[in-house]
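Enquirer: Quick one: the structure is below, questions incoming.
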Amino acid sequence: MSADQQKGALKPITPARVAEELKKLSSQRKEGKLAADEYEHRFARMIGELRERRIDGSRAEILATLTPLKDQGIVTAADWTRLTKQLGLA
C-alpha cells in the first residue's frame, strides 16, 4: 500500500497543501506561464482531485487556511467562489 492510501482510499490532502498548490497555480497564471485554457484545465483537475481525495480538517480549519489567499488577492474572487462551491464549503 502506498503512502497516499489508507485501506484502499486515497489519503486526504491537508489544507496547507491545497493552499500551496493554489498559490503555485495562480502565480503561474499571473506570470504568463499558463495560457487561460491551460489554467482552466489545471484548476478543474485540481478541484476534481480534491473531491476524490477530500481535504483533511473541518470546514472552519479549511477556510481559515484558504481564505487569506482570496483576501491577499492570490486567488481571484471568481476562482474562490468556484472552489468553495464545488468543494461544498460555501
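Starting from 1 in every chain, residues are counted up; chains themselves are A, B, ... following the order of the C-alpha cells, and ligands are numbered from 1 as listed.
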Taking 3 positions as the minimum chain separation for residues in the same chain, which residues sit within 12 Å of Ser58 of chain A when counting only C-alpha atoms? Answer as a PyMOL selection string.
Expert: chain A and resi 12+14-15+54-55+61-65+88-89
Enquirer: Once you have the residues from the selection above, write them out as an mmCIF file, in the first residue's frame, restricted to N, CA, C and O atoms.
Expert:
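Output contents, as saved in selection.cif:
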```cif
data_model
loop_
_atom_site.group_PDB
_atom_site.id
_atom_site.type_symbol
_atom_site.label_atom_id
_atom_site.label_comp_id
_atom_site.auth_asym_id
_atom_site.auth_seq_id
_atom_site.Cartn_x
_atom_site.Cartn_y
_atom_site.Cartn_z
ATOM 1 N N PRO A 12 -6.551 11.929 2.584
ATOM 2 C CA PRO A 12 -6.992 13.316 2.408
ATOM 3 C C PRO A 12 -5.796 14.277 2.332
ATOM 4 O O PRO A 12 -4.743 14.022 2.905
ATOM 5 N N THR A 14 -3.971 17.901 3.072
ATOM 6 C CA THR A 14 -4.016 18.923 4.112
ATOM 7 C C THR A 14 -4.399 20.274 3.514
ATOM 8 O O THR A 14 -4.090 20.551 2.349
ATOM 9 N N PRO A 15 -5.055 21.118 4.304
ATOM 10 C CA PRO A 15 -5.384 22.459 3.813
ATOM 11 C C PRO A 15 -4.137 23.237 3.386
ATOM 12 O O PRO A 15 -4.177 23.988 2.411
ATOM 13 N N ARG A 54 -10.567 14.444 -0.888
ATOM 14 C CA ARG A 54 -11.055 15.249 0.234
ATOM 15 C C ARG A 54 -9.931 16.077 0.846
ATOM 16 O O ARG A 54 -8.768 15.782 0.693
ATOM 17 N N ILE A 55 -10.320 17.115 1.546
ATOM 18 C CA ILE A 55 -9.377 17.949 2.271
ATOM 19 C C ILE A 55 -9.506 17.574 3.741
ATOM 20 O O ILE A 55 -10.612 17.489 4.278
ATOM 21 N N GLU A 61 -11.457 24.923 9.663
ATOM 22 C CA GLU A 61 -9.994 24.826 9.512
ATOM 23 C C GLU A 61 -9.573 25.035 8.059
ATOM 24 O O GLU A 61 -8.594 25.726 7.786
ATOM 25 N N ILE A 62 -10.322 24.441 7.154
ATOM 26 C CA ILE A 62 -10.011 24.564 5.732
ATOM 27 C C ILE A 62 -10.147 26.019 5.285
ATOM 28 O O ILE A 62 -9.262 26.578 4.651
ATOM 29 N N LEU A 63 -11.266 26.638 5.649
ATOM 30 C CA LEU A 63 -11.493 28.030 5.256
ATOM 31 C C LEU A 63 -10.500 28.979 5.923
ATOM 32 O O LEU A 63 -10.073 29.957 5.310
ATOM 33 N N ALA A 64 -10.089 28.691 7.145
ATOM 34 C CA ALA A 64 -9.101 29.530 7.827
ATOM 35 C C ALA A 64 -7.762 29.506 7.098
ATOM 36 O O ALA A 64 -7.047 30.510 7.061
ATOM 37 N N THR A 65 -7.443 28.391 6.478
ATOM 38 C CA THR A 65 -6.192 28.275 5.733
ATOM 39 C C THR A 65 -6.308 28.886 4.339
ATOM 40 O O THR A 65 -5.376 29.519 3.857
ATOM 41 N N GLY A 88 -18.097 22.202 -1.756
ATOM 42 C CA GLY A 88 -19.119 22.151 -0.720
ATOM 43 C C GLY A 88 -18.753 22.949 0.519
ATOM 44 O O GLY A 88 -19.257 22.664 1.606
ATOM 45 N N LEU A 89 -17.914 23.956 0.369
ATOM 46 C CA LEU A 89 -17.502 24.779 1.505
ATOM 47 C C LEU A 89 -18.291 26.075 1.609
ATOM 48 O O LEU A 89 -18.241 26.755 2.624
#
```
Enquirer: Taking the DSSP assignment computed from this structure's backbone, write out as an MDAnalysis selection string all residues of chain A that belong to strand (DSSP E or B).
Expert: chainID A and resid 5:6 9:10 13 55
Enquirer: Would you compute the distance between atom CA of Ile74 of chain A and atom CA of Arg29 of chain A? Give it in Å to one decimal.
Expert: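 Going from atom CA of Ile74 of chain A over to atom CA of Arg29 of chain A covers 10.5 Å.
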Enquirer: Which of chain A counts as helix (DSSP H, G or I) under DSSP, as a PyMOL selection string please?
Expert: chain A and resi 15-30+36-53+59-71+77-86
Enquirer: Which residue gives the smallest distance to Leu66 of chain A among A:Leu83, A:Ala78, A:Met46, A:Leu34, with only C-alpha atoms counted?
Expert: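 Of A:Leu83, A:Ala78, A:Met46, A:Leu34, the one nearest Leu66 of chain A, counting only C-alpha atoms, is A:Leu83.
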Enquirer: Between atom CA of Ala77 of chain A and atom CA of Ala16 of chain A, what distance in Å does the model show, to one decimal?
Expert: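 The value is 19.4 Å.
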Enquirer: Check the smallest atom-to-atom distance from each of A:Leu10, A:Leu87, A:Ala60, A:Val18 to Gly48 of chain A using only C-alpha atoms, then report the winner.
Expert: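 Ranking A:Leu10, A:Leu87, A:Ala60, A:Val18 by distance to Gly48 of chain A, first place goes to A:Leu87.
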Enquirer: Calculate how many Å separate atom CA of Phe43 of chain A from atom CA of Gly73 of chain A, rounding to one decimal.
Expert: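 Those two atoms sit 16.5 Å apart.
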Enquirer: Give me, as a PDB file with C-alpha atoms, in the first residue's frame, all polymer residues having an atom no more than 7 Å from Ser26 of chain A, counting only C-alpha atoms and skipping those fewer than 4 positions away in the same chain.
Expert:
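Output file result.pdb follows:
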```pdb
ATOM      1  CA  LEU A  22      -3.390  27.280  -5.333  1.00  0.00           C
ATOM      2  CA  LYS A  30      -0.210  35.802 -13.310  1.00  0.00           C
ATOM      3  CA  ILE A  74      -3.581  35.446  -4.706  1.00  0.00           C
ATOM      4  CA  VAL A  75      -6.786  33.754  -5.892  1.00  0.00           C
TER       5      VAL A  75
END
```
Enquirer: Check the smallest atom-to-atom distance from each of A:Pro68, A:Arg51, A:Ala44, A:Gly57 to Arg82 of chain A using only C-alpha atoms, then report the winner.
Expert: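 The answer is A:Ala44, which sits nearest to Arg82 of chain A.
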